[in-house]
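Each remark here refers to the structure printed beneath this line.
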Amino acid sequence: MASDSFINAIAGAAGGSIAMAATYPLVFVSTRAAVSAEKEKKTTLEAAMDVIRSSEGISGLYSGLSSSLIGISVTNFVYYYFYERGRGALMAARSTSGSKGLTIPESLLNGFIAGSATSLISNPIWVIQTQQTVRTMAPSTTDDSSPKRLVVKKLSFMETARNIINKNGVAALWAGIGPALILVINPIIQYTAFEQIKNLVMQRRTTALRAAGSTRAASLSDWDYFFLGAISKLIATTMTYPYIVVKSRLQAGRAEYPSAWAGLQAILAREGVAGLYKGISSKLVQSVLTAAILFAGQKRVYEITKATLTKAGLAKVTA
């Protein structure tokens, strides 16, 4: 029998893939902006048009899409599986039956465990995706030893993996794991904000229904999930973006910092505060849209998958 945790994980992977495919050009542009040490400021549209006008063309905006789809599928599957398993365990451990939602401390603990497991498992995929994204990118003009030219040959997922291992060893697949583990706080903030805002909305709707004399259970629509996902991701990304910049540069193989904190200091010294927020505009748009689509899509995919497996006798009917 498929557990609810497994069905949630499948739904999360599917929803994440749909969201990633829909917003990938923004991922591409924000990653390149974060990796670049150039001080030139460009809008998201200007950066995208530069890629299109170059030898890369429109298809250049989708470099690394395949590895991103693999990455988001694995990331979301692992995260949702661990998160839902942890959520069930925390709820079962309660001595009394009360609210069906997690408290803030419970959400933080659950998110930390799920996020840490996810980062350790999925980091190699994101290293490959980042290197595919920046492979055809001109070297920074701040590096006088590198001629400014485009590397036109693109590598597949497996070719990129072999290239990384041959040049720097297997350990290079976990480049940026330090800031990645620090960034566990991103989904913690996101899912904690989501849970708490959702609980607040549900409580208010339940109170309104009871005041109207209705015994009907309060519910959330697809649009509710869309906006809740957008708001929670906006909060999380804004708070953690400097570490996203450090992680991207380490995973791209274009910077070496002894620690995430040293990376923040180095960028701050060379590029100022603005360097810590390079690409944030496109990242915010992409992250908010991705989270909104994910939360709305994951709910719908979960319901369809659950109904299908239940009819096939592969999942239990839950009250």
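How things are named: the first chain in the structure tokens is A, the next is B, and so on; residues count from 1 in each chain; ligands count from 1 in the order shown.
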
Might you pull out every residue within 10 Å of Ala217 of chain A, with only C-alpha atoms counted and same-chain residues fewer than 6 positions away left off, and present them as a list of chain:residue names?
->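 Counting only C-alpha atoms, the residues come to A:Met202, A:Arg205, A:Thr206, A:Leu209, A:Arg210.
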
Write to file, as a tab-separated table (two decimals), in the first residue's frame, the residues of the selection just made, with N, CA and C atoms.
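Generated output (result-v2.tsv):
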```tsv
chain	number	residue	atom	x	y	z
A	202	MET	N	-7.50	29.04	7.88
A	202	MET	CA	-8.46	27.98	8.20
A	202	MET	C	-9.22	28.30	9.48
A	205	ARG	N	-11.80	31.01	8.77
A	205	ARG	CA	-12.92	30.50	7.97
A	205	ARG	C	-13.82	29.59	8.81
A	206	THR	N	-13.20	28.80	9.67
A	206	THR	CA	-13.98	27.92	10.54
A	206	THR	C	-14.82	28.75	11.51
A	209	LEU	N	-17.73	30.21	9.64
A	209	LEU	CA	-18.75	29.20	9.35
A	209	LEU	C	-19.58	28.88	10.59
A	210	ARG	N	-18.90	28.77	11.75
A	210	ARG	CA	-19.62	28.45	12.99
A	210	ARG	C	-20.53	29.62	13.39
```

Contacts of segment 283-294 of chain A within 9 Å, only C-alpha atoms, excl. fewer than 3 positions in-chain, as number ranges by chain = A: 12, 14-20, 22-27, 29-31, 223, 225-234, 237-238, 241, 279-280, 297-299

Mind dumping a table of every segment 135-216 of chain A residue within 12 Å of segment 105-128 of chain A, with the nearest atom pair and its distance in Å to one decimal, using only C-alpha atoms, sorted by chain and rising number, as a Markdown table?
```
| residue | atom | partner | partner_atom | distance |
| --- | --- | --- | --- | --- |
| A:Arg135 | CA | A:Ile128 | CA | 10.4 |
| A:Leu155 | CA | A:Ile128 | CA | 10.1 |
| A:Ser156 | CA | A:Ile128 | CA | 9.5 |
| A:Phe157 | CA | A:Ile128 | CA | 6.9 |
| A:Met158 | CA | A:Ile128 | CA | 8.8 |
| A:Glu159 | CA | A:Ile128 | CA | 9.5 |
| A:Thr160 | CA | A:Ile128 | CA | 6.2 |
| A:Ala161 | CA | A:Ile128 | CA | 6.1 |
| A:Arg162 | CA | A:Ile128 | CA | 9.7 |
| A:Asn163 | CA | A:Ile128 | CA | 9.6 |
| A:Ile164 | CA | A:Ile128 | CA | 8.0 |
| A:Ile165 | CA | A:Ile128 | CA | 10.5 |
| A:Val170 | CA | A:Pro124 | CA | 9.3 |
| A:Ala171 | CA | A:Pro124 | CA | 9.2 |
| A:Ala172 | CA | A:Pro124 | CA | 8.2 |
| A:Leu173 | CA | A:Pro124 | CA | 4.5 |
| A:Trp174 | CA | A:Pro124 | CA | 5.6 |
| A:Ala175 | CA | A:Val127 | CA | 6.9 |
| A:Gly176 | CA | A:Asn123 | CA | 8.1 |
| A:Ile177 | CA | A:Asn123 | CA | 6.8 |
| A:Gly178 | CA | A:Ser119 | CA | 9.8 |
| A:Pro179 | CA | A:Ser119 | CA | 10.0 |
| A:Ala180 | CA | A:Ser119 | CA | 6.4 |
| A:Leu181 | CA | A:Ser116 | CA | 6.1 |
| A:Ile182 | CA | A:Ser116 | CA | 9.0 |
| A:Leu183 | CA | A:Gly115 | CA | 8.5 |
| A:Val184 | CA | A:Gly115 | CA | 5.0 |
| A:Ile185 | CA | A:Phe112 | CA | 7.1 |
| A:Asn186 | CA | A:Gly115 | CA | 8.7 |
| A:Pro187 | CA | A:Gly111 | CA | 6.8 |
| A:Ile188 | CA | A:Gly111 | CA | 4.7 |
| A:Ile189 | CA | A:Leu108 | CA | 7.8 |
| A:Gln190 | CA | A:Gly111 | CA | 9.2 |
| A:Tyr191 | CA | A:Gly111 | CA | 7.3 |
| A:Thr192 | CA | A:Ser107 | CA | 5.5 |
| A:Ala193 | CA | A:Ser107 | CA | 9.1 |
| A:Phe194 | CA | A:Ser107 | CA | 9.9 |
| A:Glu195 | CA | A:Ser107 | CA | 7.8 |
| A:Gln196 | CA | A:Ser107 | CA | 9.0 |
```

Write out, as an mmCIF file, in the first residue's frame, the residues just selected, with N, CA and C atoms.
```cif
data_model
loop_
_atom_site.group_PDB
_atom_site.id
_atom_site.type_symbol
_atom_site.label_atom_id
_atom_site.label_comp_id
_atom_site.auth_asym_id
_atom_site.auth_seq_id
_atom_site.Cartn_x
_atom_site.Cartn_y
_atom_site.Cartn_z
ATOM 1 N N ARG A 135 28.273 27.231 -18.485
ATOM 2 C CA ARG A 135 29.337 26.719 -19.347
ATOM 3 C C ARG A 135 29.612 27.629 -20.543
ATOM 4 N N LEU A 155 27.442 20.438 -22.905
ATOM 5 C CA LEU A 155 27.594 19.057 -22.465
ATOM 6 C C LEU A 155 26.282 18.531 -21.893
ATOM 7 N N SER A 156 26.062 17.236 -22.079
ATOM 8 C CA SER A 156 24.866 16.603 -21.513
ATOM 9 C C SER A 156 25.028 16.452 -20.007
ATOM 10 N N PHE A 157 23.988 15.968 -19.358
ATOM 11 C CA PHE A 157 24.011 15.752 -17.912
ATOM 12 C C PHE A 157 25.169 14.837 -17.519
ATOM 13 N N MET A 158 25.277 13.670 -18.179
ATOM 14 C CA MET A 158 26.324 12.703 -17.836
ATOM 15 C C MET A 158 27.708 13.215 -18.233
ATOM 16 N N GLU A 159 27.806 13.908 -19.361
ATOM 17 C CA GLU A 159 29.095 14.467 -19.772
ATOM 18 C C GLU A 159 29.579 15.516 -18.774
ATOM 19 N N THR A 160 28.649 16.335 -18.298
ATOM 20 C CA THR A 160 29.008 17.354 -17.304
ATOM 21 C C THR A 160 29.467 16.695 -16.009
ATOM 22 N N ALA A 161 28.762 15.646 -15.592
ATOM 23 C CA ALA A 161 29.136 14.926 -14.369
ATOM 24 C C ALA A 161 30.539 14.339 -14.494
ATOM 25 N N ARG A 162 30.812 13.695 -15.640
ATOM 26 C CA ARG A 162 32.143 13.110 -15.861
ATOM 27 C C ARG A 162 33.220 14.187 -15.904
ATOM 28 N N ASN A 163 32.906 15.312 -16.528
ATOM 29 C CA ASN A 163 33.855 16.415 -16.618
ATOM 30 C C ASN A 163 34.231 16.955 -15.238
ATOM 31 N N ILE A 164 33.221 17.106 -14.371
ATOM 32 C CA ILE A 164 33.458 17.591 -12.998
ATOM 33 C C ILE A 164 34.325 16.609 -12.226
ATOM 34 N N ILE A 165 33.991 15.317 -12.314
ATOM 35 C CA ILE A 165 34.725 14.283 -11.570
ATOM 36 C C ILE A 165 36.161 14.162 -12.075
ATOM 37 N N VAL A 170 35.289 13.288 -7.172
ATOM 38 C CA VAL A 170 33.882 13.074 -6.803
ATOM 39 C C VAL A 170 33.409 14.120 -5.791
ATOM 40 N N ALA A 171 34.312 14.544 -4.905
ATOM 41 C CA ALA A 171 33.932 15.509 -3.859
ATOM 42 C C ALA A 171 33.415 16.818 -4.454
ATOM 43 N N ALA A 172 33.818 17.122 -5.710
ATOM 44 C CA ALA A 172 33.381 18.364 -6.345
ATOM 45 C C ALA A 172 31.869 18.382 -6.582
ATOM 46 N N LEU A 173 31.248 17.212 -6.600
ATOM 47 C CA LEU A 173 29.799 17.144 -6.782
ATOM 48 C C LEU A 173 29.061 17.674 -5.548
ATOM 49 N N TRP A 174 29.785 17.816 -4.455
ATOM 50 C CA TRP A 174 29.180 18.393 -3.246
ATOM 51 C C TRP A 174 29.729 19.795 -2.976
ATOM 52 N N ALA A 175 30.223 20.456 -4.035
ATOM 53 C CA ALA A 175 30.660 21.851 -3.903
ATOM 54 C C ALA A 175 29.468 22.699 -3.474
ATOM 55 N N GLY A 176 29.701 23.604 -2.556
ATOM 56 C CA GLY A 176 28.618 24.466 -2.094
ATOM 57 C C GLY A 176 27.699 23.827 -1.085
ATOM 58 N N ILE A 177 28.077 22.647 -0.557
ATOM 59 C CA ILE A 177 27.185 21.966 0.390
ATOM 60 C C ILE A 177 27.062 22.752 1.698
ATOM 61 N N GLY A 178 28.126 23.525 2.037
ATOM 62 C CA GLY A 178 28.063 24.351 3.254
ATOM 63 C C GLY A 178 26.922 25.349 3.198
ATOM 64 N N PRO A 179 26.939 26.277 2.206
ATOM 65 C CA PRO A 179 25.812 27.203 2.101
ATOM 66 C C PRO A 179 24.503 26.507 1.778
ATOM 67 N N ALA A 180 24.579 25.351 1.100
ATOM 68 C CA ALA A 180 23.343 24.607 0.796
ATOM 69 C C ALA A 180 22.676 24.139 2.084
ATOM 70 N N LEU A 181 23.490 23.678 3.041
ATOM 71 C CA LEU A 181 22.934 23.239 4.320
ATOM 72 C C LEU A 181 22.420 24.436 5.122
ATOM 73 N N ILE A 182 23.133 25.567 5.012
ATOM 74 C CA ILE A 182 22.632 26.788 5.666
ATOM 75 C C ILE A 182 21.291 27.171 5.043
ATOM 76 N N LEU A 183 21.198 26.975 3.713
ATOM 77 C CA LEU A 183 19.970 27.334 2.995
ATOM 78 C C LEU A 183 18.811 26.383 3.270
ATOM 79 N N VAL A 184 19.061 25.375 4.105
ATOM 80 C CA VAL A 184 17.948 24.542 4.594
ATOM 81 C C VAL A 184 16.919 25.450 5.260
ATOM 82 N N ILE A 185 17.418 26.587 5.763
ATOM 83 C CA ILE A 185 16.508 27.533 6.421
ATOM 84 C C ILE A 185 15.502 28.127 5.435
ATOM 85 N N ASN A 186 15.836 28.109 4.114
ATOM 86 C CA ASN A 186 14.909 28.655 3.120
ATOM 87 C C ASN A 186 13.585 27.886 3.086
ATOM 88 N N PRO A 187 13.613 26.558 2.838
ATOM 89 C CA PRO A 187 12.333 25.844 2.885
ATOM 90 C C PRO A 187 11.728 25.790 4.283
ATOM 91 N N ILE A 188 12.581 25.873 5.327
ATOM 92 C CA ILE A 188 12.037 25.910 6.691
ATOM 93 C C ILE A 188 11.176 27.161 6.858
ATOM 94 N N ILE A 189 11.755 28.303 6.443
ATOM 95 C CA ILE A 189 10.991 29.559 6.519
ATOM 96 C C ILE A 189 9.748 29.469 5.629
ATOM 97 N N GLN A 190 9.942 28.942 4.404
ATOM 98 C CA GLN A 190 8.840 28.849 3.448
ATOM 99 C C GLN A 190 7.693 27.994 3.980
ATOM 100 N N TYR A 191 8.010 26.768 4.402
ATOM 101 C CA TYR A 191 6.950 25.855 4.821
ATOM 102 C C TYR A 191 6.366 26.233 6.184
ATOM 103 N N THR A 192 7.203 26.833 7.039
ATOM 104 C CA THR A 192 6.679 27.308 8.325
ATOM 105 C C THR A 192 5.706 28.459 8.090
ATOM 106 N N ALA A 193 6.109 29.404 7.231
ATOM 107 C CA ALA A 193 5.219 30.521 6.899
ATOM 108 C C ALA A 193 3.934 30.009 6.262
ATOM 109 N N PHE A 194 4.092 29.038 5.349
ATOM 110 C CA PHE A 194 2.932 28.462 4.674
ATOM 111 C C PHE A 194 1.973 27.818 5.676
ATOM 112 N N GLU A 195 2.535 26.977 6.551
ATOM 113 C CA GLU A 195 1.708 26.269 7.537
ATOM 114 C C GLU A 195 0.981 27.243 8.460
ATOM 115 N N GLN A 196 1.730 28.266 8.931
ATOM 116 C CA GLN A 196 1.132 29.180 9.900
ATOM 117 C C GLN A 196 0.075 30.086 9.256
#
```

May I have all residues of segment 15-142 of chain A that DSSP, computed from the backbone, assigns to alpha helix (DSSP H), given as a PyMOL selection string?
-> chain A and resi 15-35+44-53+65-92+104-134

Which is closest to Tyr302 of chain A among A:Tyr62, A:Tyr80, A:Tyr277, A:Phe28, if we use only C-alpha atoms?
->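 Using only C-alpha atoms, the shortest distance to Tyr302 of chain A belongs to A:Tyr80.
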
Which is closer to Val245 of chain A than all the others in A:Thr75, A:Ser67, A:Ser219, A:Ser36, using only C-alpha atoms?
-> A:Ser36

Within 9 Å of Val35 of chain A, counting only C-alpha atoms, which residues qualify if same-chain residues fewer than 4 places away don't, as a PyMOL selection string?
-> chain A and resi 30-31+134+245-246+248-250+252+254-255+278
